[in-house]
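Dumped work-v5.tsv below, it's TSV, C-alpha atoms:
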```
chain	number	residue	atom	x	y	z
A	916	MET	CA	-0.60	1.98	16.90
A	917	THR	CA	-1.31	3.76	13.67
A	918	ASP	CA	-4.50	5.62	13.12
A	919	TRP	CA	-4.36	6.32	9.43
A	920	ASP	CA	-8.09	6.48	9.07
A	921	ALA	CA	-7.98	9.84	10.80
A	922	LEU	CA	-6.06	11.27	7.86
A	923	GLN	CA	-7.61	13.04	4.92
A	924	PRO	CA	-7.29	11.28	1.53
A	925	ARG	CA	-4.50	13.55	0.37
A	926	HIS	CA	-3.37	11.58	-2.65
A	927	GLN	CA	-6.23	12.97	-4.74
A	928	ARG	CA	-5.24	16.52	-3.85
A	929	TYR	CA	-1.61	15.71	-4.69
A	930	GLU	CA	-2.57	14.51	-8.14
A	931	SER	CA	-4.54	17.65	-9.00
A	932	GLU	CA	-1.85	19.92	-7.54
A	933	ALA	CA	0.82	18.12	-9.57
A	934	ILE	CA	-1.10	18.93	-12.76
A	935	GLU	CA	-1.72	22.51	-11.66
A	936	TRP	CA	1.97	23.11	-10.85
A	937	GLY	CA	3.36	21.30	-13.89
A	938	ILE	CA	5.21	18.56	-12.01
A	939	SER	CA	4.77	14.79	-11.90
A	940	THR	CA	2.81	13.04	-9.15
A	941	ASN	CA	6.08	11.49	-8.07
A	942	GLU	CA	7.60	14.96	-7.63
A	943	ARG	CA	4.53	16.10	-5.70
A	944	PHE	CA	5.15	13.31	-3.19
A	945	GLU	CA	8.82	14.28	-3.03
A	946	LEU	CA	7.90	17.88	-2.40
A	947	GLU	CA	5.63	16.88	0.46
A	948	ALA	CA	8.37	14.81	2.02
A	949	LEU	CA	10.96	17.53	1.63
A	950	CYS	CA	9.04	20.62	2.65
A	951	ARG	CA	8.21	18.87	5.92
A	952	SER	CA	11.48	17.04	6.15
A	953	ASN	CA	12.55	15.03	9.14
A	954	LEU	CA	15.50	15.90	11.34
A	955	LYS	CA	17.98	15.80	8.53
A	956	PRO	CA	18.00	19.06	6.58
A	957	LEU	CA	17.92	18.90	2.80
A	958	GLU	CA	21.40	20.48	2.59
A	959	LYS	CA	22.80	17.48	4.47
A	960	PHE	CA	21.19	14.84	2.29
A	961	ASP	CA	23.68	12.30	1.05
A	962	ASP	CA	23.31	9.98	-1.92
A	963	ASP	CA	21.48	7.34	0.12
A	964	ASP	CA	18.90	9.88	1.27
A	965	TRP	CA	18.18	10.95	-2.30
A	966	VAL	CA	17.92	7.33	-3.40
A	967	ASP	CA	15.55	6.52	-0.52
A	968	LEU	CA	13.40	9.55	-1.22
A	969	ALA	CA	13.15	8.79	-4.94
A	970	PHE	CA	12.38	5.14	-4.14
A	971	ARG	CA	9.60	5.87	-1.66
A	972	THR	CA	7.93	8.47	-3.84
A	973	GLY	CA	8.18	6.10	-6.81
A	974	VAL	CA	6.34	3.41	-4.84
A	975	ALA	CA	3.78	5.95	-3.67
A	976	GLU	CA	3.08	6.99	-7.25
A	977	PHE	CA	2.60	3.37	-8.30
A	978	LEU	CA	0.23	2.72	-5.41
A	979	THR	CA	-1.78	5.84	-6.27
A	980	GLU	CA	-2.13	4.71	-9.87
A	981	ASN	CA	-3.33	1.31	-8.69
A	982	GLY	CA	-6.05	2.47	-6.35
A	983	LEU	CA	-4.15	2.19	-3.05
A	984	GLY	CA	-4.09	5.90	-2.29
A	985	LYS	CA	-4.17	5.49	1.48
A	986	LYS	CA	-1.09	3.28	1.39
A	987	ALA	CA	0.56	5.76	-0.99
A	988	GLU	CA	0.09	8.49	1.60
A	989	ARG	CA	1.62	6.42	4.37
A	990	TYR	CA	4.67	5.04	2.61
A	991	PRO	CA	6.80	8.17	2.02
A	992	PHE	CA	6.17	9.41	5.56
A	993	CYS	CA	6.82	6.24	7.52
A	994	SER	CA	8.14	7.19	10.98
A	995	ARG	CA	8.37	10.87	10.05
A	996	GLN	CA	5.10	11.62	11.79
A	997	ALA	CA	4.12	10.77	15.32
A	998	PHE	CA	1.39	10.82	17.92
A	999	LEU	CA	1.72	13.06	20.92
A	1000	LEU	CA	1.22	11.29	24.24
A	1001	ARG	CA	0.47	13.42	27.29
A	1002	CYS	CA	0.23	12.18	30.85
A	1003	LYS	CA	-2.55	13.12	33.23
A	1004	GLY	CA	-0.15	13.83	36.09
A	1005	ASN	CA	0.54	17.28	37.51
A	1006	ASP	CA	3.56	17.83	35.27
A	1007	ARG	CA	1.75	16.86	32.07
A	1008	HIS	CA	4.77	15.04	30.64
A	1009	GLU	CA	4.75	14.77	26.88
A	1010	PHE	CA	6.25	12.12	24.59
A	1011	PHE	CA	5.96	11.20	20.96
A	1012	SER	CA	5.39	7.79	19.46
A	1013	PRO	CA	6.21	7.49	15.72
A	1014	SER	CA	3.52	6.46	13.31
A	1015	TYR	CA	4.62	3.73	10.93
A	1016	CYS	CA	3.27	2.90	7.49
A	1017	ASP	CA	3.01	-0.84	8.32
A	1018	LEU	CA	3.35	-1.75	4.66
A	1019	ARG	CA	4.64	-5.26	4.07
A	1020	PHE	CA	7.61	-4.26	1.97
A	1021	CYS	CA	8.73	-1.13	3.82
A	1022	LYS	CA	12.31	-1.55	4.98
A	1023	ILE	CA	11.53	0.12	8.32
A	1024	CYS	CA	8.31	-1.77	9.01
A	1025	GLY	CA	9.69	-5.07	7.69
A	1026	LYS	CA	12.05	-5.19	10.65
A	1027	ARG	CA	9.20	-4.43	13.02
A	1028	GLN	CA	7.11	-7.19	11.47
A	1029	PHE	CA	10.04	-9.54	11.85
A	1030	ALA	CA	10.31	-8.78	15.58
A	1031	ARG	CA	6.56	-9.14	16.07
A	1032	LEU	CA	6.38	-12.46	14.20
A	1033	PHE	CA	9.40	-13.89	15.95
A	1034	ALA	CA	7.94	-13.06	19.36
A	1035	LYS	CA	4.64	-14.58	18.29
A	1036	HIS	CA	5.95	-17.88	16.91
A	1037	PHE	CA	8.90	-18.62	19.13
A	1038	PRO	CA	6.80	-20.21	21.94
A	1039	VAL	CA	5.68	-23.07	19.69
A	1040	LEU	CA	9.30	-23.99	18.98
A	1041	GLU	CA	10.08	-23.96	22.69
A	1042	PHE	CA	7.12	-26.28	23.19
A	1043	ILE	CA	8.42	-28.65	20.51
A	1044	GLN	CA	11.87	-28.71	22.07
A	1045	LYS	CA	10.40	-29.63	25.46
A	1046	ASN	CA	7.98	-32.19	24.01
A	1047	PRO	CA	9.85	-34.31	21.45
A	1048	ARG	CA	7.93	-36.96	19.52
A	1049	ARG	CA	9.19	-40.17	18.00
A	1050	GLY	CA	9.80	-39.72	14.27
A	1051	PHE	CA	8.98	-36.02	14.30
A	1052	ARG	CA	11.62	-33.52	13.21
A	1053	LEU	CA	11.74	-29.89	12.17
A	1054	ARG	CA	11.98	-29.93	8.41
A	1055	LYS	CA	12.51	-27.14	5.91
A	1056	ILE	CA	10.33	-27.38	2.82
A	1057	THR	CA	10.40	-25.09	-0.19
A	1058	LEU	CA	7.52	-25.04	-2.65
A	1059	THR	CA	7.97	-23.00	-5.79
A	1060	SER	CA	5.84	-21.74	-8.66
A	1061	ARG	CA	6.55	-20.88	-12.26
A	1062	ASN	CA	7.87	-17.38	-12.88
A	1063	LYS	CA	5.22	-15.47	-14.84
A	1064	GLY	CA	7.14	-12.24	-14.98
A	1065	THR	CA	4.62	-10.51	-12.73
A	1066	LEU	CA	2.36	-11.26	-9.76
A	1067	GLU	CA	-1.34	-10.59	-9.39
A	1068	HIS	CA	-3.51	-10.91	-6.31
A	1069	GLU	CA	-5.07	-14.13	-7.62
A	1070	ASP	CA	-1.63	-15.72	-8.04
A	1071	ILE	CA	-0.98	-15.15	-4.35
A	1072	THR	CA	-4.33	-16.46	-3.12
A	1073	ASP	CA	-4.13	-19.52	-5.41
A	1074	PHE	CA	-0.62	-20.24	-4.20
A	1075	ILE	CA	-1.61	-19.97	-0.52
A	1076	ALA	CA	-4.53	-22.33	-1.11
A	1077	ALA	CA	-2.25	-24.82	-2.86
A	1078	VAL	CA	0.28	-24.78	-0.02
A	1079	LYS	CA	-2.48	-25.43	2.51
A	1080	GLU	CA	-3.98	-28.25	0.49
A	1081	THR	CA	-0.57	-29.87	-0.10
A	1082	LEU	CA	0.25	-29.88	3.60
A	1083	ASN	CA	-3.19	-31.24	4.46
A	1084	ILE	CA	-2.78	-34.10	1.97
A	1085	LEU	CA	0.73	-34.92	3.18
A	1086	MET	CA	-0.29	-34.84	6.82
A	1087	GLU	CA	-3.58	-36.67	6.48
A	1088	GLY	CA	-4.07	-38.89	9.51
A	1089	VAL	CA	-1.02	-37.45	11.29
A	1090	GLU	CA	-1.67	-35.88	14.67
A	1091	GLY	CA	0.36	-33.15	16.30
A	1092	TRP	CA	2.02	-31.78	13.17
A	1093	GLY	CA	2.43	-28.07	12.54
A	1094	ALA	CA	3.98	-25.69	10.05
A	1095	ILE	CA	4.69	-22.07	9.39
A	1096	ALA	CA	4.99	-20.83	5.82
A	1097	VAL	CA	6.51	-17.56	4.61
A	1098	LEU	CA	5.77	-16.38	1.09
A	1099	GLU	CA	8.64	-14.83	-0.74
A	1100	VAL	CA	9.91	-13.71	-4.11
A	1101	ALA	CA	13.56	-13.75	-5.08
A	1102	PHE	CA	15.36	-10.42	-5.23
A	1103	ASN	CA	14.17	-8.45	-8.26
A	1104	ASN	CA	12.48	-11.59	-9.50
A	1105	TRP	CA	8.83	-12.64	-9.67
A	1106	ASN	CA	9.48	-16.24	-8.68
A	1107	LEU	CA	6.90	-16.77	-5.92
A	1108	HIS	CA	7.78	-19.51	-3.47
A	1109	ALA	CA	7.06	-20.57	0.09
A	1110	HIS	CA	9.61	-21.42	2.75
A	1111	ILE	CA	7.98	-23.77	5.23
A	1112	LEU	CA	9.24	-24.86	8.61
A	1113	ALA	CA	7.31	-28.03	9.41
A	1114	TRP	CA	7.18	-30.19	12.54
A	1115	CYS	CA	6.25	-33.52	11.07
A	1116	PRO	CA	7.28	-37.11	10.31
A	1117	TYR	CA	9.51	-38.00	7.37
A	1118	ILE	CA	8.22	-36.99	3.93
A	1119	GLU	CA	9.79	-38.45	0.86
A	1120	GLN	CA	10.92	-35.80	-1.65
A	1121	LYS	CA	9.34	-37.71	-4.53
A	1122	HIS	CA	5.98	-37.91	-2.78
A	1123	LEU	CA	6.13	-34.22	-1.90
A	1124	ALA	CA	6.86	-33.33	-5.54
A	1125	GLU	CA	3.97	-35.50	-6.77
A	1126	VAL	CA	1.46	-33.94	-4.38
A	1127	TRP	CA	2.65	-30.41	-5.11
A	1128	ARG	CA	2.42	-31.01	-8.87
A	1129	SER	CA	-1.06	-32.50	-8.66
A	1130	VAL	CA	-2.37	-29.69	-6.43
A	1131	SER	CA	-0.68	-26.66	-7.94
A	1132	GLY	CA	0.61	-27.72	-11.34
A	1133	HIS	CA	4.07	-26.52	-10.35
A	1134	LYS	CA	7.05	-28.82	-10.16
A	1135	VAL	CA	9.96	-27.74	-8.03
A	1136	VAL	CA	10.07	-28.70	-4.37
A	1137	TRP	CA	12.83	-29.17	-1.87
A	1138	ILE	CA	12.87	-30.71	1.59
A	1139	SER	CA	15.54	-31.19	4.22
A	1140	GLU	CA	15.79	-32.04	7.88
A	1141	GLU	CA	16.52	-28.97	9.97
A	1142	ARG	CA	19.76	-29.62	11.83
A	1143	ILE	CA	20.05	-26.24	13.50
A	1144	SER	CA	17.94	-25.21	16.47
A	1145	GLY	CA	14.34	-24.20	15.99
A	1146	ARG	CA	15.19	-20.67	17.04
A	1147	LYS	CA	17.78	-20.28	14.30
A	1148	ALA	CA	15.48	-21.91	11.77
A	1149	LEU	CA	12.72	-19.45	12.62
A	1150	LEU	CA	15.14	-16.52	12.38
A	1151	TYR	CA	16.26	-17.81	9.00
A	1152	MET	CA	12.67	-18.17	7.78
A	1153	LEU	CA	11.49	-14.79	8.97
A	1154	LYS	CA	14.46	-12.89	7.63
A	1155	TYR	CA	12.60	-12.80	4.33
A	1156	VAL	CA	9.96	-10.64	5.96
A	1157	SER	CA	12.52	-8.13	7.17
A	1158	LYS	CA	14.06	-7.31	3.81
A	1159	PRO	CA	12.42	-5.62	0.82
A	1160	PRO	CA	12.75	-8.03	-2.12
A	1161	SER	CA	13.57	-5.37	-4.67
A	1162	ASP	CA	15.34	-2.10	-5.25
A	1163	LYS	CA	12.85	-1.18	-7.96
A	1164	PRO	CA	9.94	1.00	-6.82
A	1165	GLU	CA	7.55	-0.44	-9.43
A	1166	MET	CA	8.19	-3.97	-8.21
A	1167	ILE	CA	7.67	-3.05	-4.56
A	1168	GLY	CA	4.49	-1.23	-5.60
A	1169	GLN	CA	3.26	-4.25	-7.58
A	1170	LEU	CA	4.01	-6.58	-4.66
A	1171	GLU	CA	2.06	-4.33	-2.31
A	1172	VAL	CA	-0.85	-4.42	-4.75
A	1173	ALA	CA	-0.64	-8.21	-5.12
A	1174	PHE	CA	-0.37	-8.85	-1.38
A	1175	HIS	CA	-3.04	-6.29	-0.45
A	1176	LYS	CA	-5.24	-7.79	2.30
A	1177	THR	CA	-3.22	-11.03	2.24
A	1178	ARG	CA	-0.79	-12.29	4.86
A	1179	ARG	CA	2.73	-13.32	3.97
A	1180	VAL	CA	3.07	-15.67	6.93
A	1181	HIS	CA	0.66	-18.57	7.44
A	1182	CYS	CA	0.44	-21.16	10.20
A	1183	TYR	CA	-1.03	-24.65	10.10
A	1184	GLY	CA	-1.78	-27.42	12.57
A	1185	LEU	CA	-0.03	-27.10	15.92
A	1186	PHE	CA	1.50	-23.76	14.91
A	1187	TYR	CA	-1.88	-22.18	14.22
A	1188	ASN	CA	-2.83	-19.71	16.94
A	1189	PHE	CA	-0.47	-21.43	19.36
A	1190	SER	CA	0.05	-18.31	21.50
A	1191	GLY	CA	-3.66	-17.49	21.57
A	1192	ASN	CA	-5.02	-14.16	20.49
A	1193	GLU	CA	-2.49	-11.62	19.36
A	1194	THR	CA	-1.80	-9.18	22.12
A	1195	ASP	CA	1.00	-7.30	20.41
A	1196	GLY	CA	-1.14	-4.30	19.72
A	1197	GLU	CA	-2.34	-4.06	23.29
A	1198	ASN	CA	1.09	-4.56	24.80
A	1199	SER	CA	2.75	-2.04	22.54
A	1200	LYS	CA	0.54	0.82	23.73
A	1201	TRP	CA	1.98	3.01	26.39
A	1202	MET	CA	-0.60	3.13	29.15
A	1203	GLU	CA	1.42	4.81	31.89
A	1204	CYS	CA	3.76	7.76	31.93
A	1205	PRO	CA	7.32	6.40	32.17
A	1206	LYS	CA	8.29	9.40	34.35
A	1207	CYS	CA	5.51	9.64	36.93
A	1208	GLY	CA	3.29	6.61	36.31
A	1209	ALA	CA	0.15	8.66	35.64
A	1210	GLU	CA	-2.27	7.61	32.92
A	1211	LEU	CA	-1.04	8.41	29.43
A	1212	LYS	CA	-3.43	9.78	26.82
A	1213	ARG	CA	-2.94	10.08	23.10
A	1214	VAL	CA	-3.62	13.55	21.70
A	1215	LYS	CA	-5.74	13.36	18.57
A	1216	GLY	CA	-4.00	13.78	15.22
A	1217	LEU	CA	-0.50	13.40	13.86
A	1218	GLN	CA	2.40	15.80	14.03
A	1219	TYR	CA	5.79	15.79	12.37
A	1220	VAL	CA	8.63	14.29	14.37
A	1221	TYR	CA	11.00	17.17	13.65
A	1222	GLN	CA	8.48	19.67	14.96
A	1223	MET	CA	8.04	17.74	18.19
A	1224	ARG	CA	11.78	17.37	18.63
A	1225	ARG	CA	12.13	21.11	18.16
A	1226	ARG	CA	9.63	21.61	20.96
A	1227	GLY	CA	11.72	19.31	23.16
A	1228	VAL	CA	9.23	16.44	23.19
A	1229	GLN	CA	10.98	13.16	23.96
A	1230	PHE	CA	10.68	9.93	21.98
A	1231	ILE	CA	8.89	7.52	24.30
A	1232	GLY	CA	11.06	4.61	23.20
A	1233	ASP	CA	14.03	6.31	24.88
A	1234	CYS	CA	12.27	5.92	28.22
A	1235	ARG	CA	12.11	2.16	27.90
A	1236	THR	CA	14.47	0.82	30.54
A	1237	GLU	CA	13.33	-2.76	30.79
A	1238	ARG	CA	11.83	-4.89	28.09
A	1239	LYS	CA	9.53	-7.64	29.13
A	1240	SER	CA	8.46	-10.58	27.06
A	1241	LYS	CA	6.30	-9.47	24.13
A	1242	GLN	CA	6.37	-5.85	25.25
A	1243	TRP	CA	9.61	-5.27	23.43
A	1244	VAL	CA	7.76	-5.18	20.14
A	1245	ASN	CA	6.56	-1.67	19.45
B	675	MET	CA	8.96	20.33	-23.23
B	676	GLU	CA	10.03	20.89	-19.66
B	677	SER	CA	10.10	24.46	-18.39
B	678	GLN	CA	13.55	25.91	-17.66
B	679	GLY	CA	12.61	27.85	-14.56
B	680	PHE	CA	13.06	26.96	-10.90
B	681	LYS	CA	9.67	26.24	-9.33
B	682	ILE	CA	9.42	27.54	-5.79
B	683	TRP	CA	7.14	26.57	-2.90
B	684	ARG	CA	6.90	28.19	0.49
B	685	ASN	CA	7.16	25.49	3.16
B	686	PRO	CA	3.99	25.08	5.18
B	687	ALA	CA	3.72	26.48	8.66
B	688	SER	CA	3.08	24.06	11.49
B	689	GLY	CA	-0.35	22.55	11.05
B	690	ALA	CA	-0.85	23.96	7.52
B	691	GLU	CA	-2.22	21.71	4.78
B	692	GLY	CA	0.66	21.86	2.34
B	693	PRO	CA	3.25	24.01	0.56
B	694	THR	CA	2.24	27.19	-1.27
B	695	TYR	CA	3.30	27.48	-4.89
B	696	MET	CA	5.09	30.79	-5.44
B	697	GLY	CA	5.83	30.55	-9.17
B	698	GLU	CA	8.70	29.88	-11.51
B	699	PHE	CA	11.90	31.91	-11.51
B	700	CYS	CA	15.35	31.79	-13.08
B	701	PRO	CA	18.66	32.56	-11.38
B	702	PRO	CA	20.74	35.45	-12.72
B	703	LYS	CA	22.67	34.58	-15.87
B	704	GLY	CA	25.66	32.27	-15.29
B	705	ARG	CA	24.47	31.21	-11.83
B	706	PRO	CA	23.58	27.51	-11.36
B	707	CYS	CA	21.06	27.97	-8.56
B	708	LEU	CA	18.97	30.43	-6.62
B	709	TYR	CA	20.28	32.02	-3.43
B	710	ALA	CA	18.35	33.48	-0.54
B	711	SER	CA	19.36	36.96	-1.69
B	712	ASP	CA	17.75	36.26	-5.09
B	713	LEU	CA	14.48	35.39	-3.42
B	714	SER	CA	14.68	38.46	-1.18
B	715	ALA	CA	15.26	40.58	-4.26
B	716	LEU	CA	12.18	39.04	-5.82
B	717	GLY	CA	10.19	40.17	-2.79
B	718	PHE	CA	9.83	36.84	-1.00
B	719	ALA	CA	8.99	37.15	2.69
B	720	PRO	CA	11.36	35.61	5.26
B	721	GLY	CA	10.79	31.90	5.59
B	722	CYS	CA	11.80	28.54	4.25
B	723	TYR	CA	11.30	27.64	0.59
B	724	THR	CA	11.70	24.42	-1.39
B	725	VAL	CA	12.96	24.82	-4.93
B	726	ARG	CA	12.76	22.31	-7.76
B	727	VAL	CA	15.84	22.41	-9.97
B	728	PRO	CA	14.99	21.93	-13.68
B	729	ASP	CA	16.50	18.96	-15.50
B	730	SER	CA	18.75	21.10	-17.70
B	731	PHE	CA	20.48	22.60	-14.65
B	732	ARG	CA	20.71	19.23	-12.92
B	733	ASP	CA	22.51	17.72	-15.89
B	734	LEU	CA	24.74	20.70	-16.56
B	735	TYR	CA	25.84	21.42	-13.00
B	736	LEU	CA	25.24	17.98	-11.41
B	737	LEU	CA	22.80	19.47	-8.94
B	738	PRO	CA	20.36	17.53	-6.74
B	739	PRO	CA	16.74	17.75	-7.88
B	740	TRP	CA	15.64	19.91	-4.96
B	741	GLN	CA	17.15	22.67	-2.89
B	742	ARG	CA	16.02	24.49	0.21
B	743	VAL	CA	16.43	28.23	0.57
B	744	ASP	CA	16.09	30.07	3.84
B	745	VAL	CA	15.17	33.72	3.42
B	746	ARG	CA	15.94	35.68	6.58
```

In structure tokens, how does this file's structure come out?
Amino acid sequence: MTDWDALQPRHQRYESEAIEWGISTNERFELEALCRSNLKPLEKFDDDDWVDLAFRTGVAEFLTENGLGKKAERYPFCSRQAFLLRCKGNDRHEFFSPSYCDLRFCKICGKRQFARLFAKHFPVLEFIQKNPRRGFRLRKITLTSRNKGTLEHEDITDFIAAVKETLNILMEGVEGWGAIAVLEVAFNNWNLHAHILAWCPYIEQKHLAEVWRSVSGHKVVWISEERISGRKALLYMLKYVSKPPSDKPEMIGQLEVAFHKTRRVHCYGLFYNFSGNETDGENSKWMECPKCGAELKRVKGLQYVYQMRRRGVQFIGDCRTERKSKQWVN
Amino acid sequence: MESQGFKIWRNPASGAEGPTYMGEFCPPKGRPCLYASDLSALGFAPGCYTVRVPDSFRDLYLLPPWQRVDVR
């Protein structure tokens, strides 16, 4: 769990310090990341490390300029800071649990989101496999929009509403249908589109195109029957969540701004809330000491991972010997 | 125009708010970067410092934008 609210709004201080010291805001973020660097010392940085650092600070600067200062603070330090967990047993065992930025387009957190979403949505596909229906198949649908050369928040919300309305029109009177939609842009391209995995009866491509055009004003659609297993189809769909869609910091920053407070993955019909309330957050908390079983308490505040490693504090994930269903998502 | 000096910050101690700006310095003539001995000679206390390399030096000597100097 990430408790970013406990942090001070540092981005404002960074901006004023950057002016005072005669460096850019971007460089101020870099300095913060480097002077408290993670395990890898600056002298051992390779080209990839420099590229990653410049990329993350570039995104942070963009987010700061666009009023998302809190996100800007989190992004460059994703998984570099951690919470200290201390058990209440006699030995007072200590562990650290990294704090993640949880931004949608972070390459570290994207993979975590992928794992979480897969665990959440896989049960509905198992259900479908065990309960086949006459005429129903898993179908892949792609709905696209015109490329405007940029994306604003309203474009996203309008698009989501159009997808929902299109599916509702197409499935009017049909019972037991369901769908999961993932919003995506092409790599380094502003072409917003939705990949949809739908459990539904046959839909004619022409009819789909007509409905999509009348609802959204956009033209291009594509539909096919899914011939691979539901598991593979879901993996294929969600892979878009796991990868950042750009290597340009400004584009990642703009996407974060556009998607702010909006989900990338949406469920409809049977797929909606199939697994009940999300328990990922609860199950990912460490409640018991993995060494002695005593109650585990989180010490208030964040510390840097390298400092805790220096003190010999162990990463709690290393203590995980057995992963149970759903609990494997941290 | 960008300054030609190397800006230096003292790395924060554990729990400190942020780095401390120490000022702008140049390496001795003909030297592409600052060494720990240079910082000692300037009177810097033992500790870890982060140094920003100015653009002109980066281009001329193909240096990374930042360096870390440990003064012992």

ask   = When the cut-off is 8 Å and we count all atoms listed in the file, which residues of chain A are near chain B, given as a list in words?
value = Trp936, Leu946, Glu947, Leu949, Cys950, Arg951, Leu957, Glu958, Gln1218 and Gln1222 of chain A

Take the residues just selected and output them with C-alpha atoms as a short mmCIF file (atom, residue, chain, number, x, y, z; two decimals), in the frame of the given file.
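Result saved to out.cif:
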```cif
data_model
loop_
_atom_site.label_atom_id
_atom_site.label_comp_id
_atom_site.auth_asym_id
_atom_site.auth_seq_id
_atom_site.Cartn_x
_atom_site.Cartn_y
_atom_site.Cartn_z
CA TRP A 936 1.97 23.11 -10.85
CA LEU A 946 7.90 17.88 -2.40
CA GLU A 947 5.63 16.88 0.46
CA LEU A 949 10.96 17.53 1.63
CA CYS A 950 9.04 20.62 2.65
CA ARG A 951 8.21 18.87 5.92
CA LEU A 957 17.92 18.90 2.80
CA GLU A 958 21.40 20.48 2.59
CA GLN A 1218 2.40 15.80 14.03
CA GLN A 1222 8.48 19.67 14.96
#
```

task = Report the distance between atom CA of Ala1124 of chain A and atom CA of Asn1046 of chain A in Å, rounded to one decimal place.
result = 29.6 Å

Calculate, to one decimal in Å, the centre and edge lengths of the box along x, y and z of the file that holds all listed atoms of segment 697-715 of chain B with 5 Å of margin on each side, and present them as JSON.
```
{"center_x": 15.7, "center_y": 34.0, "center_z": -8.2, "size_x": 29.8, "size_y": 23.1, "size_z": 25.3}
```

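Distances from B:Arg746, B:Phe699, B:Leu713, B:Thr694 to Glu932 of chain A were compared using all atoms listed in the file, and the smallest one belongs to B:Thr694.
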
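Here atom CA of Asp961 of chain A is placed at a distance of 28.0 Å from atom CA of Phe998 of chain A.
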
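Atom CA of Ile1231 of chain A to atom CA of Ala997 of chain A spans 10.7 Å [interatomic distance, one decimal].
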
Residues at most 10 Å from Arg1027 of chain A, counting all atoms listed in the file, excluding those fewer than 4 positions away in the same chain, as a PDB file with C-alpha atoms, keeping the file's coordinate frame?
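And here is the file that came out, part-v4.pdb:
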```pdb
ATOM      1  CA  TYR A1015       4.620   3.730  10.930  1.00  0.00           C
ATOM      2  CA  ASP A1017       3.010  -0.840   8.320  1.00  0.00           C
ATOM      3  CA  CYS A1021       8.730  -1.130   3.820  1.00  0.00           C
ATOM      4  CA  LYS A1022      12.310  -1.550   4.980  1.00  0.00           C
ATOM      5  CA  ILE A1023      11.530   0.120   8.320  1.00  0.00           C
ATOM      6  CA  ARG A1031       6.560  -9.140  16.070  1.00  0.00           C
ATOM      7  CA  LEU A1032       6.380 -12.460  14.200  1.00  0.00           C
ATOM      8  CA  PHE A1033       9.400 -13.890  15.950  1.00  0.00           C
ATOM      9  CA  VAL A1156       9.960 -10.640   5.960  1.00  0.00           C
ATOM     10  CA  SER A1157      12.520  -8.130   7.170  1.00  0.00           C
ATOM     11  CA  VAL A1244       7.760  -5.180  20.140  1.00  0.00           C
ATOM     12  CA  ASN A1245       6.560  -1.670  19.450  1.00  0.00           C
TER      13      ASN A1245
END
```

key: Which of A:Ser1014, A:Thr1059, A:Arg1049, A:Val1172 sits closest to Gly982 of chain A [using all atoms listed in the file]   = A:Val1172

query = For Val727 of chain B, which residue out of A:Ile938, A:Val1214, A:Ile1043, A:Glu930 is the nearest one, using all atoms listed in the file?
reply = A:Ile938

request  = Give me the residues within 12 Å of Arg1226 of chain A as a ChimeraX atom specification, counting all atoms listed in the file and dropping any in the same chain fewer than 2 places off.
outcome  = /A:999,1009-1011,1218-1224,1228-1230 /B:688

Among the residues B:Leu716, B:Lys703, B:Gly679, B:Asp744, the one that comes closest to Asp729 of chain B [using only C-alpha atoms] = B:Gly679

task = Just the residues within 8 Å of Pro706 of chain B, please, counting all atoms listed in the file, with nothing from its chain fewer than 3 positions along; format it as a PyMOL selection string.
result = chain B and resi 701+731+735
